[in-house]
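Peer 1: Quick one, model_10.cif (mmCIF, C-alpha atoms):
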```
data_model
#
loop_
_atom_site.label_atom_id
_atom_site.label_comp_id
_atom_site.auth_asym_id
_atom_site.auth_seq_id
_atom_site.Cartn_x
_atom_site.Cartn_y
_atom_site.Cartn_z
CA MET A 1 0.00 0.00 0.00
CA LYS A 2 2.82 2.38 0.88
CA ASP A 3 4.64 1.57 -2.36
CA HIS A 4 1.49 2.32 -4.35
CA THR A 5 1.13 5.71 -2.66
CA LYS A 6 4.75 6.61 -3.38
CA THR A 7 4.26 5.62 -7.02
CA VAL A 8 1.20 7.92 -7.35
CA LYS A 9 3.06 10.86 -5.81
CA ALA A 10 6.03 10.32 -8.07
CA VAL A 11 3.80 10.25 -11.15
CA GLY A 12 2.06 13.47 -10.02
CA VAL A 13 5.36 15.26 -9.51
CA ALA A 14 6.57 14.12 -12.92
CA VAL A 15 3.39 15.38 -14.59
CA ALA A 16 3.67 18.74 -12.81
CA ALA A 17 7.31 19.05 -13.84
CA ASP A 18 6.41 18.31 -17.44
CA ALA A 19 3.65 20.96 -17.30
CA VAL A 20 6.09 23.58 -15.98
CA GLU A 21 8.64 22.75 -18.61
CA ALA A 22 6.03 22.78 -21.33
CA TYR A 23 4.62 26.22 -20.35
CA VAL A 24 5.90 29.12 -22.38
CA PRO A 25 5.28 32.67 -20.95
CA VAL A 26 3.30 35.02 -23.18
CA ASP A 27 3.10 38.81 -23.32
CA GLU A 28 -0.25 38.89 -21.52
CA ASP A 29 1.44 37.58 -18.35
CA PHE A 30 3.46 40.79 -18.02
CA VAL A 31 0.84 43.48 -18.62
CA LEU A 32 1.36 46.32 -16.10
CA ALA A 33 -1.52 47.81 -14.19
CA PRO A 34 -2.84 51.02 -15.77
CA PRO A 35 -1.80 54.33 -14.11
CA GLU A 36 -5.41 55.03 -13.15
CA LEU A 37 -5.57 51.83 -11.11
CA LYS A 38 -2.32 52.63 -9.31
CA GLU A 39 -3.46 56.17 -8.53
CA ASP A 40 -6.80 54.93 -7.24
CA THR A 41 -5.10 52.35 -5.04
CA SER A 42 -2.67 54.95 -3.65
CA ALA A 43 -5.50 57.40 -3.02
CA GLU A 44 -7.50 54.70 -1.23
CA ALA A 45 -4.52 53.85 0.96
CA VAL A 46 -3.95 57.51 1.92
CA THR A 47 -7.66 57.99 2.56
CA GLY A 48 -7.70 54.91 4.76
CA VAL A 49 -4.79 56.18 6.84
CA LYS A 50 -6.38 59.62 7.25
CA HIS A 51 -9.71 58.05 8.21
CA GLU A 52 -8.06 55.87 10.84
CA THR A 53 -6.11 58.85 12.23
CA LEU A 54 -9.27 60.97 12.50
CA LYS A 55 -11.10 58.07 14.11
CA ARG A 56 -8.44 57.73 16.80
CA PHE A 57 -8.40 61.51 17.29
CA PHE A 58 -12.15 61.86 17.82
CA ALA A 59 -12.13 58.85 20.14
CA GLN A 60 -10.30 61.01 22.69
CA LYS A 61 -12.70 63.18 24.68
CA SER A 62 -10.02 65.65 25.75
CA ALA A 63 -8.96 66.21 22.13
CA VAL A 64 -12.57 66.82 21.06
CA VAL A 65 -13.07 69.27 23.92
CA GLY A 66 -9.91 71.11 22.90
CA LEU A 67 -10.97 71.21 19.25
CA VAL A 68 -14.44 72.56 20.10
CA LEU A 69 -12.96 75.16 22.45
CA LEU A 70 -10.42 76.21 19.83
CA ALA A 71 -13.14 76.49 17.19
CA ILE A 72 -15.24 78.67 19.52
CA LEU A 73 -12.29 80.99 20.18
CA VAL A 74 -11.56 81.31 16.47
CA LEU A 75 -15.23 82.03 15.78
CA LEU A 76 -15.34 84.66 18.53
CA SER A 77 -12.22 86.29 17.12
CA ILE A 78 -14.13 86.74 13.86
CA ILE A 79 -17.57 87.82 15.07
CA GLY A 80 -16.86 88.79 18.69
CA PRO A 81 -15.88 92.43 18.01
CA TYR A 82 -19.35 93.02 16.52
CA LEU A 83 -21.55 91.30 19.11
CA SER A 84 -21.59 93.99 21.78
CA GLY A 85 -22.67 96.80 19.50
CA HIS A 86 -19.60 98.88 20.37
CA SER A 87 -16.52 99.41 18.25
CA TYR A 88 -13.23 98.27 19.70
CA ASP A 89 -11.63 101.70 19.15
CA GLU A 90 -14.64 103.91 20.00
CA GLN A 91 -13.83 106.22 22.92
CA VAL A 92 -16.56 107.47 25.25
CA LEU A 93 -14.73 109.24 28.05
CA GLU A 94 -17.91 109.64 30.11
CA HIS A 95 -18.16 105.83 30.26
CA ALA A 96 -14.60 105.22 31.41
CA ASN A 97 -13.95 102.49 33.99
CA MET A 98 -17.41 100.95 33.84
CA ALA A 99 -17.64 97.53 35.49
CA PRO A 100 -19.12 94.59 33.52
CA ARG A 101 -22.90 94.45 33.20
CA VAL A 102 -24.71 91.62 31.42
CA PRO A 103 -28.49 91.72 30.77
CA GLY A 104 -30.29 88.89 32.53
CA LEU A 105 -27.56 88.38 35.11
CA SER A 106 -27.78 91.89 36.53
CA SER A 107 -31.27 91.18 37.89
CA MET A 108 -29.76 88.34 39.97
CA GLY A 109 -27.05 90.59 41.39
CA ILE A 110 -24.35 89.05 39.17
CA LEU A 111 -22.38 91.28 36.78
CA ASP A 112 -24.76 94.14 37.47
CA GLY A 113 -22.18 96.88 36.86
CA SER A 114 -21.17 97.36 40.48
CA GLU A 115 -17.66 96.96 41.92
CA MET A 116 -15.91 97.39 45.23
CA MET A 117 -13.70 100.50 45.34
CA GLN A 118 -11.02 100.98 47.99
CA LYS A 119 -11.24 104.46 49.44
CA SER A 120 -9.81 106.16 52.51
CA SER A 121 -12.99 105.35 54.43
CA GLY A 122 -12.81 101.69 53.41
CA ALA A 123 -14.32 99.51 50.70
CA VAL A 124 -17.33 101.09 49.01
CA LYS A 125 -19.66 99.48 46.48
CA VAL A 126 -19.92 101.68 43.39
CA ASN A 127 -22.20 101.38 40.37
CA ARG A 128 -21.34 103.96 37.70
CA TYR A 129 -24.25 102.86 35.52
CA GLU A 130 -26.69 104.08 38.16
CA GLU A 131 -24.65 107.18 38.97
CA LEU A 132 -24.50 108.31 35.33
CA GLY A 133 -27.84 106.86 34.25
CA VAL A 134 -26.21 104.75 31.54
CA GLU A 135 -28.59 102.33 29.82
CA GLU A 136 -25.96 100.68 27.62
CA ASN A 137 -24.38 97.39 28.67
CA TYR A 138 -20.68 96.60 28.59
CA PHE A 139 -20.22 92.85 28.95
CA PHE A 140 -16.56 93.07 30.03
CA GLY A 141 -16.64 96.70 31.19
CA THR A 142 -14.69 99.62 29.75
CA ASP A 143 -11.09 100.82 29.98
CA ASN A 144 -9.65 104.19 31.02
CA LEU A 145 -10.75 105.77 27.73
CA GLY A 146 -14.27 104.37 27.76
CA ARG A 147 -13.59 101.72 25.10
CA ASP A 148 -15.58 98.49 25.19
CA MET A 149 -13.44 95.70 26.67
CA PHE A 150 -15.53 92.93 25.10
CA SER A 151 -14.92 93.98 21.51
CA ARG A 152 -11.29 94.86 22.28
CA CYS A 153 -10.54 91.46 23.83
CA PHE A 154 -11.77 89.53 20.80
CA MET A 155 -10.18 91.96 18.36
CA GLY A 156 -6.95 91.44 20.28
CA LEU A 157 -7.46 87.68 20.04
CA ARG A 158 -7.90 88.04 16.27
CA ILE A 159 -4.67 90.03 15.88
CA SER A 160 -2.72 87.63 18.10
CA LEU A 161 -4.02 84.61 16.16
CA ILE A 162 -3.15 86.22 12.83
CA ILE A 163 0.39 86.91 14.02
CA ALA A 164 0.76 83.38 15.40
CA LEU A 165 -0.71 81.67 12.32
CA VAL A 166 1.37 83.61 9.81
CA ALA A 167 4.56 83.08 11.81
CA THR A 168 3.78 79.37 12.25
CA VAL A 169 3.10 78.82 8.53
CA ILE A 170 6.38 80.52 7.62
CA ASN A 171 8.22 78.47 10.24
CA LEU A 172 6.61 75.32 8.86
CA LEU A 173 7.71 76.04 5.30
CA ILE A 174 11.27 76.90 6.30
CA GLY A 175 11.68 74.23 8.96
CA MET A 176 10.08 71.39 7.02
CA ASN A 177 12.14 71.96 3.88
CA TYR A 178 15.34 72.43 5.86
CA GLY A 179 14.78 69.33 7.99
CA VAL A 180 13.65 67.12 5.09
CA ILE A 181 16.67 68.04 2.96
CA SER A 182 19.05 67.51 5.88
CA GLY A 183 17.59 64.14 6.85
CA TYR A 184 17.05 62.81 3.33
CA PHE A 185 20.50 63.45 1.87
CA GLY A 186 22.41 62.83 5.11
CA GLY A 187 26.19 62.60 5.10
CA MET A 188 28.17 65.82 4.93
CA THR A 189 25.06 67.78 3.91
CA ASP A 190 23.34 66.75 7.12
CA ILE A 191 26.40 67.51 9.25
CA ILE A 192 26.85 71.03 7.87
CA MET A 193 23.14 71.89 8.11
CA GLN A 194 22.88 70.62 11.68
CA ARG A 195 25.94 72.58 12.78
CA ILE A 196 24.28 75.72 11.41
CA ILE A 197 21.21 74.94 13.51
CA ASP A 198 23.39 74.34 16.56
CA VAL A 199 24.93 77.79 16.18
CA ILE A 200 21.58 79.53 15.69
CA GLY A 201 19.89 77.53 18.45
CA SER A 202 22.65 78.24 20.96
CA ILE A 203 21.38 81.82 21.28
CA PRO A 204 18.22 82.01 23.44
CA THR A 205 15.18 82.86 21.33
CA LEU A 206 13.93 85.44 23.81
CA VAL A 207 17.23 87.33 23.65
CA VAL A 208 17.26 87.32 19.85
CA VAL A 209 13.64 88.46 19.57
CA THR A 210 14.04 91.16 22.23
CA LEU A 211 17.17 92.62 20.64
CA LEU A 212 15.57 92.49 17.21
CA MET A 213 12.45 94.30 18.39
CA LEU A 214 14.63 97.06 19.84
CA VAL A 215 15.92 97.73 16.31
CA LEU A 216 12.75 97.22 14.26
CA GLN A 217 9.72 99.47 14.19
CA PRO A 218 6.99 98.09 16.50
CA GLY A 219 4.15 96.47 14.57
CA MET A 220 2.65 93.24 13.30
CA GLY A 221 5.23 92.70 10.56
CA SER A 222 8.15 93.17 12.94
CA ILE A 223 6.69 90.67 15.41
CA ILE A 224 6.13 88.07 12.67
CA PHE A 225 9.70 88.51 11.43
CA ALA A 226 11.04 88.19 14.97
CA LEU A 227 8.99 85.05 15.63
CA MET A 228 10.11 83.32 12.43
CA LEU A 229 13.79 84.17 12.93
CA SER A 230 14.43 81.13 15.11
CA GLY A 231 10.99 79.55 15.43
CA TRP A 232 11.61 77.17 12.52
CA ILE A 233 14.42 75.29 14.29
CA ASP A 234 12.18 72.94 16.29
CA MET A 235 10.11 72.26 13.17
CA SER A 236 13.23 71.35 11.19
CA ARG A 237 14.49 68.99 13.89
CA ILE A 238 11.18 67.13 14.01
CA ALA A 239 11.05 66.91 10.20
CA ARG A 240 14.64 65.60 10.07
CA ALA A 241 13.98 62.98 12.75
CA GLU A 242 10.88 61.70 10.95
CA VAL A 243 12.67 61.58 7.59
CA MET A 244 15.50 59.58 9.13
CA LYS A 245 12.91 57.02 10.27
CA VAL A 246 11.08 56.56 6.98
CA LYS A 247 13.70 57.08 4.27
CA GLU A 248 14.99 53.49 4.54
CA LEU A 249 11.57 51.83 4.63
CA GLU A 250 10.50 49.38 1.92
CA TYR A 251 8.19 51.69 0.00
CA ILE A 252 10.95 54.29 -0.31
CA GLN A 253 13.36 51.65 -1.59
CA ALA A 254 10.70 50.47 -4.03
CA ALA A 255 10.28 54.02 -5.33
CA ARG A 256 14.04 54.31 -5.85
CA THR A 257 14.10 50.94 -7.65
CA MET A 258 11.39 52.13 -10.02
CA GLY A 259 13.51 55.15 -10.91
CA ALA A 260 11.73 57.86 -8.90
CA GLY A 261 13.74 61.06 -8.49
CA HIS A 262 14.56 62.87 -5.26
CA ARG A 263 11.76 65.40 -5.68
CA HIS A 264 9.14 62.69 -6.18
CA ILE A 265 10.36 60.66 -3.21
CA ILE A 266 10.50 63.67 -0.90
CA PHE A 267 7.19 65.34 -1.74
CA ARG A 268 5.10 62.32 -2.81
CA GLU A 269 6.40 59.58 -0.52
CA ILE A 270 8.06 61.10 2.56
CA VAL A 271 6.28 64.39 3.31
CA PRO A 272 2.73 62.91 3.32
CA ASN A 273 3.87 60.35 5.91
CA ILE A 274 5.36 62.87 8.36
CA THR A 275 2.56 65.45 8.29
CA GLY A 276 1.00 64.05 11.49
CA LYS A 277 4.04 64.96 13.58
CA LEU A 278 4.28 68.35 11.90
CA VAL A 279 0.63 69.12 12.62
CA THR A 280 1.26 68.29 16.27
CA GLN A 281 4.18 70.73 16.30
CA ILE A 282 2.00 73.38 14.62
CA MET A 283 -0.58 73.12 17.38
CA LEU A 284 2.18 73.63 19.92
CA SER A 285 3.78 76.50 17.99
CA ILE A 286 0.59 78.60 17.81
CA PRO A 287 0.15 79.13 21.58
CA ALA A 288 3.91 79.61 21.95
CA ALA A 289 3.80 82.38 19.34
CA VAL A 290 0.77 83.97 21.01
CA PHE A 291 2.55 83.90 24.36
CA LEU A 292 5.73 85.43 22.90
CA GLU A 293 3.71 88.17 21.19
CA ALA A 294 1.93 88.86 24.47
CA PHE A 295 5.26 89.06 26.28
CA LEU A 296 6.71 91.50 23.74
CA SER A 297 3.62 93.69 23.94
CA PHE A 298 3.64 93.44 27.74
CA VAL A 299 7.17 94.83 27.96
CA GLY A 300 6.45 97.50 25.35
CA LEU A 301 8.27 95.91 22.37
CA GLY A 302 5.28 94.46 20.53
CA MET A 303 2.24 96.18 19.08
CA PRO A 304 2.36 100.00 19.18
CA PRO A 305 0.28 101.88 21.76
CA GLY A 306 -3.36 102.30 20.81
CA THR A 307 -3.67 98.97 18.99
CA CYS A 308 -5.13 95.94 20.69
CA SER A 309 -3.75 92.45 21.03
CA LEU A 310 -3.80 90.01 23.91
CA GLY A 311 -0.44 91.38 25.01
CA THR A 312 -1.55 95.01 25.09
CA MET A 313 -4.81 94.02 26.81
CA LEU A 314 -2.86 92.18 29.50
CA THR A 315 -0.60 95.20 29.92
CA ASP A 316 -3.53 97.59 30.37
CA GLY A 317 -5.24 95.18 32.76
CA PHE A 318 -2.11 94.68 34.83
CA GLN A 319 -1.66 98.43 35.26
CA ASN A 320 -5.21 98.72 36.68
CA VAL A 321 -5.53 95.36 38.45
CA LEU A 322 -5.51 96.85 41.98
CA LEU A 323 -8.30 99.34 41.28
CA HIS A 324 -10.26 97.49 38.58
CA PRO A 325 -9.50 93.74 38.54
CA TYR A 326 -12.10 93.10 35.84
CA LYS A 327 -9.79 94.71 33.25
CA LEU A 328 -7.25 91.89 33.54
CA LEU A 329 -9.49 88.85 33.90
CA PRO A 330 -11.08 88.61 30.40
CA SER A 331 -7.86 88.80 28.38
CA ALA A 332 -6.06 86.47 30.81
CA ALA A 333 -8.93 83.95 30.63
CA ILE A 334 -8.93 84.05 26.82
CA MET A 335 -5.19 83.40 26.67
CA ILE A 336 -5.44 80.54 29.16
CA LEU A 337 -8.29 78.94 27.21
CA LEU A 338 -6.32 79.30 23.97
CA MET A 339 -3.26 77.65 25.52
CA VAL A 340 -5.27 74.78 27.01
CA ALA A 341 -7.25 74.15 23.81
CA SER A 342 -4.15 74.11 21.60
CA HIS A 343 -2.31 71.71 23.88
CA LEU A 344 -5.31 69.37 24.10
CA VAL A 345 -5.55 69.25 20.30
CA ALA A 346 -1.78 68.74 19.99
CA GLU A 347 -1.83 65.89 22.51
CA GLY A 348 -4.76 64.30 20.67
CA MET A 349 -2.92 64.54 17.33
CA LYS A 350 0.19 63.04 18.90
CA LYS A 351 -1.72 60.00 20.19
CA ALA A 352 -3.68 59.62 16.95
CA THR A 353 -0.53 59.51 14.79
CA GLU A 354 1.48 57.15 16.96
#
```
Could you write out this structure as structure tokens?

Peer 2:
Amino acid sequence: MKDHTKTVKAVGVAVAADAVEAYVPVDEDFVLAPPELKEDTSAEAVTGVKHETLKRFFAQKSAVVGLVLLAILVLLSIIGPYLSGHSYDEQVLEHANMAPRVPGLSSMGILDGSEMMQKSSGAVKVNRYEELGVEENYFFGTDNLGRDMFSRCFMGLRISLIIALVATVINLLIGMNYGVISGYFGGMTDIIMQRIIDVIGSIPTLVVVTLLMLVLQPGMGSIIFALMLSGWIDMSRIARAEVMKVKELEYIQAARTMGAGHRHIIFREIVPNITGKLVTQIMLSIPAAVFLEAFLSFVGLGMPPGTCSLGTMLTDGFQNVLLHPYKLLPSAAIMILLMVASHLVAEGMKKATE
């Protein structure tokens, strides 16, 4: 029985060998897939990765809360200056130093326009709305010149966000290209480019920006230039580190084998696969830029007097915090919320792209 089985197997192997030897390949066996099919497959793969990343991002409650909070702040920076009915630069000297009053809450004794004033006889409750017979409402109160704090806070948020976004985009373009080139080509190119970064990065950013602002004319353009002077370094280091990870992977080697050039490999194969880390860095760079702009304005090197940004609002509030604490609280709360929201989104992106 065993001999019979061995005989059958031997005959089957012989027949299979004869079939292989007898087969002659034809041209139809080597027809390449059409470009449309390859593009569709690549697009489906990229879409699948993006969908999975978004799914992991929205699965995190803290990241969703941060995204919603950030969206609300951006929306308020657009429409907020027009909600109160007062212009952010309109001066009504008779209405100077008015405490916050909000319709609906004032009837409950909350934000009814009254504040405690420290006088020689002690603390006295003062309501300038009743003293002057003012019927208008100022949600965040007014400053020393009678300007509406509500519209000024959100106009300041808009200006600070514009400065931060423009500076971050410029830093992204410079840093990403610098880091990708350094990491992709490696060797002596990488060594020289990294030594340049070491020299630039050895000087504290705050010192560079402060000295630069002492030379330049105060304004939005000067702040953006100062922020982008060394802000791209962290972006370039992250881009270089990610390129070093992916440039030796199989799909990169396959692209080289198929004859793809450096430009195609960098911008079609590498950059799309490192955008997640760069987006995370962007969400961290925006609040850092807002904070640096606020610091420059706080020390008098940022936006010129008379304009409003979060930094100038904090400066004005700090100068009056002992007499009128309400002038500092709104701008400080907006900055804190912006910082928290950006970091929550950045942390969510980091976990979603891991």

Peer 1: Residue by residue, what does the PyMOL selection byres ((chain A and resi 284-299) around 6) grab here? Present the result as a VMD selection string.

Peer 2: chain A and resid 160 164 281 to 283 300 to 303 310 to 312 315 339

Peer 1: Counting all atoms listed in the file, what is within 10 Å of Val166 in chain A, bar same-chain residues fewer than 4 positions away, as a list in words?

Peer 2: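 Residues meeting the cut-off are Leu161, Ile162, Ile170, Asn171, Leu172, Gly221, Ile224, Phe225, Leu227, Met228, Ile286 and Ala289 of chain A.
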
Peer 1: Just to confirm, what's the straight-line distance from CA of Ala352 in chain A to CA of Glu250 in chain A in Å (one decimal)?

Peer 2: 23.1 Å

Peer 1: What would the selection look like, as a list in words, if the PyMOL selection byres ((chain A and resi 73) around 9) were run on the coordinates I just shared?

Peer 2: Val68, Leu69, Leu70, Ala71, Ile72, Val74, Leu75, Leu76, Ser77, Ile78, Phe154, Leu157, Ile334, Leu337 and Leu338 of chain A

Peer 1: Residues within 8 Å of Ser151 in chain A, please, as an mmCIF file with C-alpha atoms, in the frame of the given file. Count only C-alpha atoms; anything in the same chain fewer than 6 positions from it doesn't count.

Peer 2:
```cif
data_model
loop_
_atom_site.group_PDB
_atom_site.id
_atom_site.type_symbol
_atom_site.label_atom_id
_atom_site.label_comp_id
_atom_site.auth_asym_id
_atom_site.auth_seq_id
_atom_site.Cartn_x
_atom_site.Cartn_y
_atom_site.Cartn_z
ATOM 1 C CA GLY A 80 -16.860 88.790 18.690
ATOM 2 C CA PRO A 81 -15.880 92.430 18.010
ATOM 3 C CA TYR A 82 -19.350 93.020 16.520
ATOM 4 C CA LEU A 83 -21.550 91.300 19.110
ATOM 5 C CA SER A 84 -21.590 93.990 21.780
ATOM 6 C CA HIS A 86 -19.600 98.880 20.370
ATOM 7 C CA SER A 87 -16.520 99.410 18.250
ATOM 8 C CA TYR A 88 -13.230 98.270 19.700
#
```

Peer 1: Tell me, as JSON, numbers by chain, which residues lie within 12 Å of range 233-246 of chain A, counting all atoms listed in the file; anything in the same chain fewer than 5 positions away does not count.

Peer 2: {"A": [168, 169, 170, 171, 172, 173, 174, 175, 176, 177, 178, 179, 180, 181, 182, 183, 184, 185, 186, 187, 190, 191, 193, 194, 195, 196, 197, 198, 199, 200, 201, 202, 203, 204, 205, 227, 228, 251, 252, 253, 265, 266, 267, 269, 270, 271, 272, 273, 274, 275, 276, 277, 278, 279, 280, 281, 282, 283, 284, 285]}

Peer 1: Could you tell me how far CA of Asn137 in chain A sits from CA of Lys327 in chain A, in Å to one decimal place?

Peer 2: 15.5 Å

Peer 1: Could you please determine the separation between CA of Ser230 in chain A and CA of Gln217 in chain A in Å, to one decimal place?

Peer 2: 19.0 Å

Peer 1: Assuming the chain letters and numbering stay as they are in my file, what does the PyMOL selection byres ((chain A and resi 95) around 8) actually select? List them as an mmCIF file with C-alpha atoms, in the frame of the given file.

Peer 2:
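Contents of selection-v5.cif, as written:
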```cif
data_model
loop_
_atom_site.group_PDB
_atom_site.id
_atom_site.type_symbol
_atom_site.label_atom_id
_atom_site.label_comp_id
_atom_site.auth_asym_id
_atom_site.auth_seq_id
_atom_site.Cartn_x
_atom_site.Cartn_y
_atom_site.Cartn_z
ATOM 1 C CA VAL A 92 -16.560 107.470 25.250
ATOM 2 C CA LEU A 93 -14.730 109.240 28.050
ATOM 3 C CA GLU A 94 -17.910 109.640 30.110
ATOM 4 C CA ALA A 96 -14.600 105.220 31.410
ATOM 5 C CA ASN A 97 -13.950 102.490 33.990
ATOM 6 C CA MET A 98 -17.410 100.950 33.840
ATOM 7 C CA THR A 142 -14.690 99.620 29.750
ATOM 8 C CA LEU A 145 -10.750 105.770 27.730
ATOM 9 C CA GLY A 146 -14.270 104.370 27.760
#
```

Peer 1: Given 6 Å of margin on each side, can you work out the centre and size in Å (one decimal) of an axis-aligned box holding every listed atom of range 301-318 of chain A, as AutoDock Vina command-line options?

Peer 2:
```
--center_x 1.5 --center_y 96.2 --center_z 26.9 --size_x 25.5 --size_y 24.3 --size_z 27.8
```

Peer 1: Have a look at A:Gly109, A:Gly231, A:Gly104, A:Pro305 and name the one nearest to Ala167 in chain A; count only C-alpha atoms.

Peer 2: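 The closest residue to Ala167 in chain A is A:Gly231.
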
Peer 1: Given only C-alpha atoms as the basis, pick out the residue of A:Ala333, A:Pro325, A:Pro218, A:Ala260 nearest to Pro304 in chain A.

Peer 2: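 Among A:Ala333, A:Pro325, A:Pro218, A:Ala260, it is A:Pro218 that comes nearest to Pro304 in chain A.
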
Peer 1: Identify which of the residues A:Gln118, A:Leu229, A:Met108, A:Ser222 lies closest to Leu206 in chain A, counting all atoms listed in the file when measuring atom-to-atom distances.

Peer 2: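 Ranking A:Gln118, A:Leu229, A:Met108, A:Ser222 by distance to Leu206 in chain A, first place goes to A:Leu229.
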
Peer 1: Quick one: of A:Met258, A:Val209, A:Met220, A:Leu329, who's nearest to Met149 in chain A, counting all atoms listed in the file?

Peer 2: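 Smallest separation from Met149 in chain A among the options: A:Leu329.
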